[in-house]
>>> print(open('final_35.json').read())   # JSON, C-alpha atoms and all ligand atoms
[["chain", "number", "residue", "atom", "x", "y", "z"],
["N", 1, "MET", "CA", -74.05, 51.67, 7.45],
["N", 2, "SER", "CA", -74.53, 53.40, 10.80],
["N", 3, "ARG", "CA", -78.15, 54.43, 11.40],
["N", 4, "PHE", "CA", -78.11, 55.47, 15.05],
["N", 5, "THR", "CA", -77.06, 58.88, 16.24],
["N", 6, "PHE", "CA", -77.23, 60.23, 19.78],
["N", 7, "ARG", "CA", -78.20, 63.48, 21.38],
["N", 8, "ARG", "CA", -77.91, 64.34, 25.05],
["N", 9, "LEU", "CA", -80.99, 63.93, 27.19],
["N", 10, "HIS", "CA", -82.76, 67.26, 27.70],
["N", 11, "PRO", "CA", -85.12, 68.41, 30.49],
["N", 12, "THR", "CA", -87.96, 68.57, 27.93],
["N", 13, "ASP", "CA", -87.57, 64.79, 27.33],
["N", 14, "MET", "CA", -89.08, 63.86, 30.72],
["N", 15, "PRO", "CA", -92.67, 63.22, 29.43],
["N", 16, "LEU", "CA", -91.25, 61.08, 26.61],
["N", 17, "LEU", "CA", -89.14, 59.08, 29.06],
["N", 18, "HIS", "CA", -92.12, 58.67, 31.40],
["N", 19, "ASP", "CA", -94.16, 57.27, 28.50],
["N", 20, "TRP", "CA", -91.38, 54.90, 27.41],
["N", 21, "LEU", "CA", -90.59, 53.65, 30.93],
["N", 22, "ASN", "CA", -94.23, 52.61, 31.37],
["N", 23, "ARG", "CA", -94.20, 50.37, 28.30],
["N", 24, "PRO", "CA", -94.45, 46.69, 29.31],
["N", 25, "HIS", "CA", -91.29, 45.51, 27.52],
["N", 26, "ILE", "CA", -89.25, 48.12, 29.42],
["N", 27, "ARG", "CA", -91.00, 47.76, 32.78],
["N", 28, "ALA", "CA", -90.08, 44.08, 32.65],
["N", 29, "TRP", "CA", -86.39, 44.94, 33.00],
["N", 30, "TRP", "CA", -86.16, 48.48, 34.41],
["N", 31, "ASP", "CA", -87.12, 49.89, 37.80],
["N", 32, "GLU", "CA", -90.73, 50.93, 38.40],
["N", 33, "PRO", "CA", -90.79, 54.46, 36.89],
["N", 34, "GLY", "CA", -93.42, 56.09, 39.13],
["N", 35, "SER", "CA", -95.08, 59.39, 38.27],
["N", 36, "LEU", "CA", -93.81, 61.98, 35.83],
["N", 37, "ASP", "CA", -92.46, 63.96, 38.80],
["N", 38, "GLU", "CA", -90.60, 60.88, 40.03],
["N", 39, "VAL", "CA", -89.16, 60.20, 36.57],
["N", 40, "SER", "CA", -88.05, 63.83, 36.38],
["N", 41, "ALA", "CA", -86.45, 63.60, 39.83],
["N", 42, "THR", "CA", -84.44, 60.57, 38.69],
["N", 43, "PHE", "CA", -83.51, 61.55, 35.15],
["N", 44, "MET", "CA", -83.10, 65.34, 35.23],
["N", 45, "GLU", "CA", -79.67, 64.88, 36.76],
["N", 46, "LEU", "CA", -78.61, 62.89, 33.68],
["N", 47, "THR", "CA", -79.01, 66.01, 31.51],
["N", 48, "GLY", "CA", -76.09, 68.00, 32.93],
["N", 49, "ASP", "CA", -72.72, 68.16, 31.18],
["N", 50, "ASP", "CA", -70.82, 67.26, 34.35],
["N", 51, "ALA", "CA", -73.31, 64.64, 35.57],
["N", 52, "ASP", "CA", -71.98, 61.32, 36.92],
["N", 53, "THR", "CA", -74.29, 59.49, 34.53],
["N", 54, "LEU", "CA", -74.90, 60.97, 31.08],
["N", 55, "GLY", "CA", -78.28, 60.31, 29.45],
["N", 56, "TYR", "CA", -78.80, 60.12, 25.67],
["N", 57, "ILE", "CA", -81.73, 59.77, 23.32],
["N", 58, "ALA", "CA", -80.87, 57.32, 20.53],
["N", 59, "LEU", "CA", -82.11, 58.48, 17.15],
["N", 60, "LEU", "CA", -82.82, 55.95, 14.42],
["N", 61, "ASP", "CA", -82.68, 57.67, 11.07],
["N", 62, "GLY", "CA", -83.29, 60.90, 13.01],
["N", 63, "GLU", "CA", -86.32, 59.66, 15.03],
["N", 64, "ALA", "CA", -86.20, 59.14, 18.81],
["N", 65, "ALA", "CA", -86.03, 55.35, 19.19],
["N", 66, "GLY", "CA", -84.50, 54.60, 22.57],
["N", 67, "PHE", "CA", -82.56, 55.67, 25.60],
["N", 68, "ILE", "CA", -79.01, 54.91, 26.68],
["N", 69, "GLN", "CA", -76.94, 56.13, 29.60],
["N", 70, "SER", "CA", -73.21, 55.95, 30.34],
["N", 71, "TYR", "CA", -71.20, 56.39, 33.50],
["N", 72, "VAL", "CA", -67.63, 56.15, 34.77],
["N", 73, "VAL", "CA", -67.42, 52.73, 36.43],
["N", 74, "MET", "CA", -64.61, 53.44, 38.90],
["N", 75, "GLY", "CA", -65.87, 55.23, 41.98],
["N", 76, "SER", "CA", -69.55, 54.64, 41.18],
["N", 77, "GLY", "CA", -70.29, 54.45, 44.90],
["N", 78, "GLY", "CA", -73.19, 52.76, 46.61],
["N", 79, "GLY", "CA", -71.35, 49.42, 46.63],
["N", 80, "TRP", "CA", -71.09, 49.30, 42.82],
["N", 81, "TRP", "CA", -67.93, 48.05, 41.09],
["N", 82, "GLU", "CA", -65.71, 48.53, 44.14],
["N", 83, "ASP", "CA", -62.90, 46.42, 42.60],
["N", 84, "GLU", "CA", -62.62, 48.53, 39.43],
["N", 85, "THR", "CA", -59.26, 50.33, 39.18],
["N", 86, "ASP", "CA", -59.43, 51.33, 35.50],
["N", 87, "PRO", "CA", -60.47, 54.98, 35.11],
["N", 88, "GLY", "CA", -61.20, 54.32, 31.42],
["N", 89, "ALA", "CA", -64.03, 51.86, 32.08],
["N", 90, "ARG", "CA", -67.51, 53.05, 31.14],
["N", 91, "GLY", "CA", -70.80, 51.39, 32.05],
["N", 92, "ILE", "CA", -74.02, 51.54, 30.03],
["N", 93, "ASP", "CA", -77.74, 50.73, 30.29],
["N", 94, "LEU", "CA", -80.28, 51.00, 27.49],
["N", 95, "PHE", "CA", -83.70, 50.24, 26.08],
["N", 96, "LEU", "CA", -85.45, 50.45, 22.74],
["N", 97, "ALA", "CA", -88.71, 52.42, 22.82],
["N", 98, "ASP", "CA", -90.77, 50.32, 20.41],
["N", 99, "GLY", "CA", -91.70, 46.91, 21.81],
["N", 100, "GLU", "CA", -92.76, 45.73, 18.37],
["N", 101, "ARG", "CA", -89.26, 46.11, 16.97],
["N", 102, "LEU", "CA", -87.32, 43.94, 19.40],
["N", 103, "GLY", "CA", -85.18, 41.07, 18.21],
["N", 104, "GLN", "CA", -84.49, 42.59, 14.79],
["N", 105, "GLY", "CA", -80.89, 43.62, 15.40],
["N", 106, "LEU", "CA", -81.67, 47.22, 16.32],
["N", 107, "GLY", "CA", -80.34, 46.90, 19.87],
["N", 108, "SER", "CA", -77.00, 45.48, 18.77],
["N", 109, "ALA", "CA", -76.71, 48.18, 16.08],
["N", 110, "LEU", "CA", -77.44, 50.87, 18.67],
["N", 111, "LEU", "CA", -74.84, 49.35, 21.01],
["N", 112, "ASP", "CA", -72.22, 49.22, 18.27],
["N", 113, "ASP", "CA", -72.84, 52.84, 17.31],
["N", 114, "PHE", "CA", -72.82, 54.00, 20.94],
["N", 115, "CYS", "CA", -69.55, 52.17, 21.62],
["N", 116, "ALA", "CA", -68.04, 53.99, 18.64],
["N", 117, "LEU", "CA", -69.12, 57.27, 20.24],
["N", 118, "LEU", "CA", -67.63, 56.31, 23.62],
["N", 119, "PHE", "CA", -64.39, 55.02, 22.08],
["N", 120, "SER", "CA", -63.98, 58.30, 20.18],
["N", 121, "ASP", "CA", -62.71, 59.49, 23.58],
["N", 122, "PRO", "CA", -59.15, 58.07, 23.72],
["N", 123, "ALA", "CA", -59.44, 57.83, 27.52],
["N", 124, "VAL", "CA", -62.10, 55.10, 27.25],
["N", 125, "SER", "CA", -60.57, 51.61, 27.52],
["N", 126, "LYS", "CA", -63.65, 49.38, 27.75],
["N", 127, "VAL", "CA", -67.44, 49.49, 27.86],
["N", 128, "GLN", "CA", -69.40, 47.22, 30.19],
["N", 129, "ALA", "CA", -73.00, 46.35, 30.95],
["N", 130, "ASP", "CA", -74.66, 44.29, 33.66],
["N", 131, "PRO", "CA", -77.92, 42.76, 32.42],
["N", 132, "THR", "CA", -79.96, 40.55, 34.73],
["N", 133, "PRO", "CA", -79.00, 36.90, 34.06],
["N", 134, "ALA", "CA", -82.62, 36.17, 33.08],
["N", 135, "ASN", "CA", -82.54, 38.79, 30.31],
["N", 136, "GLY", "CA", -81.36, 36.44, 27.58],
["N", 137, "ARG", "CA", -82.34, 38.81, 24.79],
["N", 138, "ALA", "CA", -80.21, 41.64, 26.19],
["N", 139, "ILE", "CA", -77.24, 39.32, 26.82],
["N", 140, "ARG", "CA", -77.40, 37.99, 23.26],
["N", 141, "SER", "CA", -77.77, 41.53, 21.88],
["N", 142, "TYR", "CA", -74.62, 42.60, 23.75],
["N", 143, "GLN", "CA", -72.79, 39.58, 22.33],
["N", 144, "ARG", "CA", -73.93, 40.50, 18.82],
["N", 145, "ALA", "CA", -72.41, 43.95, 19.44],
["N", 146, "GLY", "CA", -69.01, 42.51, 20.35],
["N", 147, "PHE", "CA", -69.35, 42.30, 24.13],
["N", 148, "GLN", "CA", -67.72, 39.34, 25.88],
["N", 149, "ASP", "CA", -69.65, 37.42, 28.51],
["N", 150, "CYS", "CA", -67.44, 37.65, 31.61],
["N", 151, "GLY", "CA", -69.78, 35.62, 33.79],
["N", 152, "GLU", "CA", -72.01, 36.31, 36.72],
["N", 153, "VAL", "CA", -71.25, 39.02, 39.26],
["N", 154, "VAL", "CA", -73.09, 40.22, 42.34],
["N", 155, "THR", "CA", -74.17, 43.87, 42.32],
["N", 156, "PRO", "CA", -76.16, 45.93, 44.84],
["N", 157, "ASP", "CA", -79.17, 45.17, 42.60],
["N", 158, "GLY", "CA", -78.51, 41.42, 42.75],
["N", 159, "PRO", "CA", -76.89, 38.96, 40.33],
["N", 160, "ALA", "CA", -75.89, 40.26, 36.91],
["N", 161, "ARG", "CA", -74.01, 39.06, 33.85],
["N", 162, "LEU", "CA", -70.94, 41.20, 33.26],
["N", 163, "MET", "CA", -70.66, 41.97, 29.54],
["N", 164, "VAL", "CA", -67.46, 43.77, 28.44],
["N", 165, "ARG", "CA", -66.36, 45.22, 25.12],
["N", 166, "PRO", "CA", -62.67, 46.17, 25.27],
["N", 167, "ARG", "CA", -61.20, 48.87, 23.06],
["N", 168, "VAL", "CA", -59.67, 47.39, 19.94],
["N", 169, "ALA", "CA", -56.56, 49.40, 19.16],
["N", 201, "LIG", "C1", -82.21, 44.72, 25.25],
["N", 201, "LIG", "C2", -82.53, 45.35, 23.90],
["N", 201, "LIG", "C3", -81.92, 46.74, 23.80],
["N", 201, "LIG", "C4", -81.91, 44.45, 22.81],
["N", 201, "LIG", "O1", -82.26, 44.97, 21.56],
["N", 201, "LIG", "P1", -82.94, 44.01, 20.43],
["N", 201, "LIG", "O2", -82.98, 44.78, 19.19],
["N", 201, "LIG", "O3", -84.22, 43.49, 20.96],
["N", 201, "LIG", "O4", -81.90, 42.81, 20.37],
["N", 201, "LIG", "P2", -81.08, 42.27, 19.08],
["N", 201, "LIG", "O5", -82.05, 42.04, 17.98],
["N", 201, "LIG", "O6", -79.91, 43.13, 18.85],
["N", 201, "LIG", "O7", -80.54, 40.89, 19.64],
["N", 201, "LIG", "C5", -81.43, 39.98, 20.24],
["N", 201, "LIG", "C6", -80.85, 38.59, 20.21],
["N", 201, "LIG", "O8", -81.39, 37.86, 21.32],
["N", 201, "LIG", "C7", -82.06, 36.70, 20.85],
["N", 201, "LIG", "N1", -83.15, 36.49, 21.80],
["N", 201, "LIG", "C8", -84.39, 37.01, 21.79],
["N", 201, "LIG", "N2", -85.06, 36.59, 22.88],
["N", 201, "LIG", "C9", -84.20, 35.82, 23.60],
["N", 201, "LIG", "C10", -84.27, 35.11, 24.82],
["N", 201, "LIG", "N3", -85.39, 35.14, 25.55],
["N", 201, "LIG", "N4", -83.19, 34.44, 25.24],
["N", 201, "LIG", "C11", -82.06, 34.42, 24.53],
["N", 201, "LIG", "N5", -81.91, 35.09, 23.35],
["N", 201, "LIG", "C12", -82.98, 35.76, 22.90],
["N", 201, "LIG", "C13", -82.46, 37.02, 19.44],
["N", 201, "LIG", "O9", -82.70, 35.87, 18.69],
["N", 201, "LIG", "C14", -81.22, 37.80, 18.98],
["N", 201, "LIG", "O10", -80.13, 36.94, 18.75],
["N", 201, "LIG", "P3", -79.74, 36.41, 17.28],
["N", 201, "LIG", "O11", -79.73, 37.57, 16.36],
["N", 201, "LIG", "O12", -78.42, 35.75, 17.45],
["N", 201, "LIG", "O13", -80.82, 35.42, 16.88],
["N", 201, "LIG", "C15", -84.08, 45.43, 23.68],
["N", 201, "LIG", "O14", -84.62, 44.11, 23.56],
["N", 201, "LIG", "C16", -84.82, 46.16, 24.79],
["N", 201, "LIG", "O15", -84.87, 47.38, 24.80],
["N", 201, "LIG", "N6", -85.40, 45.39, 25.74],
["N", 201, "LIG", "C17", -86.17, 45.97, 26.86],
["N", 201, "LIG", "C18", -85.29, 46.68, 27.88],
["N", 201, "LIG", "C19", -84.08, 45.87, 28.29],
["N", 201, "LIG", "O16", -84.13, 44.66, 28.47],
["N", 201, "LIG", "N7", -82.96, 46.58, 28.43],
["N", 201, "LIG", "C20", -81.68, 45.99, 28.77],
["N", 201, "LIG", "C21", -81.43, 46.11, 30.21],
["N", 201, "LIG", "S1", -79.77, 45.56, 30.55]]
>>> encode(input="final_35.json", output="structure tokens", more="lines below")
Ligand SMILES: CC(C)(COP(=O)(O)OP(=O)(O)OC[C@H]1O[C@@H](n2cnc3c(N)ncnc32)[C@H](O)[C@@H]1OP(=O)(O)O)[C@@H](O)C(=O)NCCC(=O)NCCS
Amino acid sequence: MSRFTFRRLHPTDMPLLHDWLNRPHIRAWWDEPGSLDEVSATFMELTGDDADTLGYIALLDGEAAGFIQSYVVMGSGGGWWEDETDPGARGIDLFLADGERLGQGLGSALLDDFCALLFSDPAVSKVQADPTPANGRAIRSYQRAGFQDCGEVVTPDGPARLMVRPRVA
């Protein structure tokens, strides 16, 4: 049974995000968050309806439990995904807020539910993620959620494992 729902990131979520991004299990794999003002400067633009990257709060049984963002892969700019020609490809990044609840299947459940949301748009053909090769837990969680390991790629942030979940007709 699906337990995760998603609501769009809102400007009032910035203090919550700042708190989450400073938690050790997230800092280990995400960029240094900086001050609340710096977090706001980065994430406010994810709140708009026509933003390039859309931010979401993941709700577990109605409670805020994590963050996930999605973007159109093709035309990302900045040297990202320059070979992508599929306008239906979406990219994602995520974290769970509670470091004491990792490795219990919540991440893969969140990913599965979020893919269902993305695939509810018939224009979406595949969902991809690019965890750092050292992030074995994230890679395994993606696999549990039906993502295929497409090997190592080089991104502007360095080496990554390309994980892809194609639409199943
Ligand atoms: C990545 C994240 C969302 C995954 O969610 P999760 O609930 O912890 O992961 P799941 O329980 O769904 O799956 C974890 C799997 O990895 C395995 N695992 C745990 N640590 C591992 C490691 N160091 N190396 C390899 N596999 C590992 C677990 O055993 C489990 O696999 P299994 O069920 O086959 O035994 C969560 O750990 C998180 O938020 N991490 C911090 C931020 C982050 O890394 N974000 C991803 C950036 S791409």
>>> closest_atom_pairs(input="final_35.json", of="chain N", to="ligand LIG 201 (chain N)", cutoff="9 Å", atoms="all atoms listed in the file", output="JSON lines")
{"residue": "N:Pro24", "atom": "CA", "partner": "N:LIG201", "partner_atom": "C17", "distance": 8.7}
{"residue": "N:His25", "atom": "CA", "partner": "N:LIG201", "partner_atom": "C17", "distance": 5.2}
{"residue": "N:Ile26", "atom": "CA", "partner": "N:LIG201", "partner_atom": "C18", "distance": 4.5}
{"residue": "N:Arg27", "atom": "CA", "partner": "N:LIG201", "partner_atom": "C18", "distance": 7.6}
{"residue": "N:Ala28", "atom": "CA", "partner": "N:LIG201", "partner_atom": "C17", "distance": 7.2}
{"residue": "N:Trp29", "atom": "CA", "partner": "N:LIG201", "partner_atom": "O16", "distance": 5.1}
{"residue": "N:Trp30", "atom": "CA", "partner": "N:LIG201", "partner_atom": "C21", "distance": 6.8}
{"residue": "N:Gly66", "atom": "CA", "partner": "N:LIG201", "partner_atom": "O15", "distance": 7.6}
{"residue": "N:Phe67", "atom": "CA", "partner": "N:LIG201", "partner_atom": "O15", "distance": 8.6}
{"residue": "N:Ile92", "atom": "CA", "partner": "N:LIG201", "partner_atom": "S1", "distance": 8.3}
{"residue": "N:Asp93", "atom": "CA", "partner": "N:LIG201", "partner_atom": "S1", "distance": 5.6}
{"residue": "N:Leu94", "atom": "CA", "partner": "N:LIG201", "partner_atom": "N7", "distance": 5.3}
{"residue": "N:Phe95", "atom": "CA", "partner": "N:LIG201", "partner_atom": "O15", "distance": 3.3}
{"residue": "N:Leu96", "atom": "CA", "partner": "N:LIG201", "partner_atom": "O15", "distance": 3.7}
{"residue": "N:Ala97", "atom": "CA", "partner": "N:LIG201", "partner_atom": "O15", "distance": 6.6}
{"residue": "N:Asp98", "atom": "CA", "partner": "N:LIG201", "partner_atom": "O15", "distance": 7.9}
{"residue": "N:Gly99", "atom": "CA", "partner": "N:LIG201", "partner_atom": "O15", "distance": 7.5}
{"residue": "N:Arg101", "atom": "CA", "partner": "N:LIG201", "partner_atom": "O2", "distance": 6.8}
{"residue": "N:Leu102", "atom": "CA", "partner": "N:LIG201", "partner_atom": "O3", "distance": 3.5}
{"residue": "N:Gly103", "atom": "CA", "partner": "N:LIG201", "partner_atom": "O5", "distance": 3.3}
{"residue": "N:Gln104", "atom": "CA", "partner": "N:LIG201", "partner_atom": "O5", "distance": 4.1}
{"residue": "N:Gly105", "atom": "CA", "partner": "N:LIG201", "partner_atom": "O5", "distance": 3.2}
{"residue": "N:Leu106", "atom": "CA", "partner": "N:LIG201", "partner_atom": "O2", "distance": 4.0}
{"residue": "N:Gly107", "atom": "CA", "partner": "N:LIG201", "partner_atom": "O1", "distance": 3.2}
{"residue": "N:Ser108", "atom": "CA", "partner": "N:LIG201", "partner_atom": "O6", "distance": 3.7}
{"residue": "N:Ala109", "atom": "CA", "partner": "N:LIG201", "partner_atom": "O6", "distance": 6.6}
{"residue": "N:Leu110", "atom": "CA", "partner": "N:LIG201", "partner_atom": "C3", "distance": 8.0}
{"residue": "N:Leu111", "atom": "CA", "partner": "N:LIG201", "partner_atom": "C3", "distance": 8.0}
{"residue": "N:Ala129", "atom": "CA", "partner": "N:LIG201", "partner_atom": "S1", "distance": 6.8}
{"residue": "N:Asp130", "atom": "CA", "partner": "N:LIG201", "partner_atom": "S1", "distance": 6.1}
{"residue": "N:Pro131", "atom": "CA", "partner": "N:LIG201", "partner_atom": "S1", "distance": 3.8}
{"residue": "N:Thr132", "atom": "CA", "partner": "N:LIG201", "partner_atom": "S1", "distance": 6.5}
{"residue": "N:Ala134", "atom": "CA", "partner": "N:LIG201", "partner_atom": "N4", "distance": 8.0}
{"residue": "N:Asn135", "atom": "CA", "partner": "N:LIG201", "partner_atom": "O16", "distance": 6.4}
{"residue": "N:Gly136", "atom": "CA", "partner": "N:LIG201", "partner_atom": "N4", "distance": 3.6}
{"residue": "N:Arg137", "atom": "CA", "partner": "N:LIG201", "partner_atom": "C12", "distance": 3.6}
{"residue": "N:Ala138", "atom": "CA", "partner": "N:LIG201", "partner_atom": "C1", "distance": 3.8}
{"residue": "N:Ile139", "atom": "CA", "partner": "N:LIG201", "partner_atom": "O8", "distance": 7.0}
{"residue": "N:Arg140", "atom": "CA", "partner": "N:LIG201", "partner_atom": "O8", "distance": 4.4}
{"residue": "N:Ser141", "atom": "CA", "partner": "N:LIG201", "partner_atom": "O7", "distance": 3.6}
{"residue": "N:Tyr142", "atom": "CA", "partner": "N:LIG201", "partner_atom": "O6", "distance": 7.2}
{"residue": "N:Gln143", "atom": "CA", "partner": "N:LIG201", "partner_atom": "O7", "distance": 8.3}
{"residue": "N:Arg144", "atom": "CA", "partner": "N:LIG201", "partner_atom": "O6", "distance": 6.5}
{"residue": "N:Ala145", "atom": "CA", "partner": "N:LIG201", "partner_atom": "O6", "distance": 7.6}
>>> write_last_selection(input="final_35.json", atoms="C-alpha atoms", output="PDB file, in the frame of the given file")
ATOM      1  CA  PRO N  24     -94.450  46.690  29.310  1.00  0.00           C
ATOM      2  CA  HIS N  25     -91.290  45.510  27.520  1.00  0.00           C
ATOM      3  CA  ILE N  26     -89.250  48.120  29.420  1.00  0.00           C
ATOM      4  CA  ARG N  27     -91.000  47.760  32.780  1.00  0.00           C
ATOM      5  CA  ALA N  28     -90.080  44.080  32.650  1.00  0.00           C
ATOM      6  CA  TRP N  29     -86.390  44.940  33.000  1.00  0.00           C
ATOM      7  CA  TRP N  30     -86.160  48.480  34.410  1.00  0.00           C
ATOM      8  CA  GLY N  66     -84.500  54.600  22.570  1.00  0.00           C
ATOM      9  CA  PHE N  67     -82.560  55.670  25.600  1.00  0.00           C
ATOM     10  CA  ILE N  92     -74.020  51.540  30.030  1.00  0.00           C
ATOM     11  CA  ASP N  93     -77.740  50.730  30.290  1.00  0.00           C
ATOM     12  CA  LEU N  94     -80.280  51.000  27.490  1.00  0.00           C
ATOM     13  CA  PHE N  95     -83.700  50.240  26.080  1.00  0.00           C
ATOM     14  CA  LEU N  96     -85.450  50.450  22.740  1.00  0.00           C
ATOM     15  CA  ALA N  97     -88.710  52.420  22.820  1.00  0.00           C
ATOM     16  CA  ASP N  98     -90.770  50.320  20.410  1.00  0.00           C
ATOM     17  CA  GLY N  99     -91.700  46.910  21.810  1.00  0.00           C
ATOM     18  CA  ARG N 101     -89.260  46.110  16.970  1.00  0.00           C
ATOM     19  CA  LEU N 102     -87.320  43.940  19.400  1.00  0.00           C
ATOM     20  CA  GLY N 103     -85.180  41.070  18.210  1.00  0.00           C
ATOM     21  CA  GLN N 104     -84.490  42.590  14.790  1.00  0.00           C
ATOM     22  CA  GLY N 105     -80.890  43.620  15.400  1.00  0.00           C
ATOM     23  CA  LEU N 106     -81.670  47.220  16.320  1.00  0.00           C
ATOM     24  CA  GLY N 107     -80.340  46.900  19.870  1.00  0.00           C
ATOM     25  CA  SER N 108     -77.000  45.480  18.770  1.00  0.00           C
ATOM     26  CA  ALA N 109     -76.710  48.180  16.080  1.00  0.00           C
ATOM     27  CA  LEU N 110     -77.440  50.870  18.670  1.00  0.00           C
ATOM     28  CA  LEU N 111     -74.840  49.350  21.010  1.00  0.00           C
ATOM     29  CA  ALA N 129     -73.000  46.350  30.950  1.00  0.00           C
ATOM     30  CA  ASP N 130     -74.660  44.290  33.660  1.00  0.00           C
ATOM     31  CA  PRO N 131     -77.920  42.760  32.420  1.00  0.00           C
ATOM     32  CA  THR N 132     -79.960  40.550  34.730  1.00  0.00           C
ATOM     33  CA  ALA N 134     -82.620  36.170  33.080  1.00  0.00           C
ATOM     34  CA  ASN N 135     -82.540  38.790  30.310  1.00  0.00           C
ATOM     35  CA  GLY N 136     -81.360  36.440  27.580  1.00  0.00           C
ATOM     36  CA  ARG N 137     -82.340  38.810  24.790  1.00  0.00           C
ATOM     37  CA  ALA N 138     -80.210  41.640  26.190  1.00  0.00           C
ATOM     38  CA  ILE N 139     -77.240  39.320  26.820  1.00  0.00           C
ATOM     39  CA  ARG N 140     -77.400  37.990  23.260  1.00  0.00           C
ATOM     40  CA  SER N 141     -77.770  41.530  21.880  1.00  0.00           C
ATOM     41  CA  TYR N 142     -74.620  42.600  23.750  1.00  0.00           C
ATOM     42  CA  GLN N 143     -72.790  39.580  22.330  1.00  0.00           C
ATOM     43  CA  ARG N 144     -73.930  40.500  18.820  1.00  0.00           C
ATOM     44  CA  ALA N 145     -72.410  43.950  19.440  1.00  0.00           C
TER      45      ALA N 145
END
>>> atom_distance(input="final_35.json", atom1="atom CA of N:Gly88", atom2="atom CA of N:Thr5")
22.4 Å
>>> residues_around(input="final_35.json", residues="N:Leu54", least_positions_apart="4", cutoff="8 Å", atoms="all atoms listed in the file", output="count of residues only")
9
>>> atom_distance(input="final_35.json", atom1="atom CA of N:Lys126", atom2="atom CA of N:Val164")
6.8 Å
>>> atom_distance(input="final_35.json", atom1="atom CA of N:Val73", atom2="atom CA of N:Cys150")
15.8 Å
>>> residues_around(input="final_35.json", residues="N:Cys115", least_positions_apart="2", cutoff="10 Å", atoms="only C-alpha atoms", output="PyMOL selection string")
chain N and resi 90+92+109-113+117-120+124+126-128+145-146+165-167
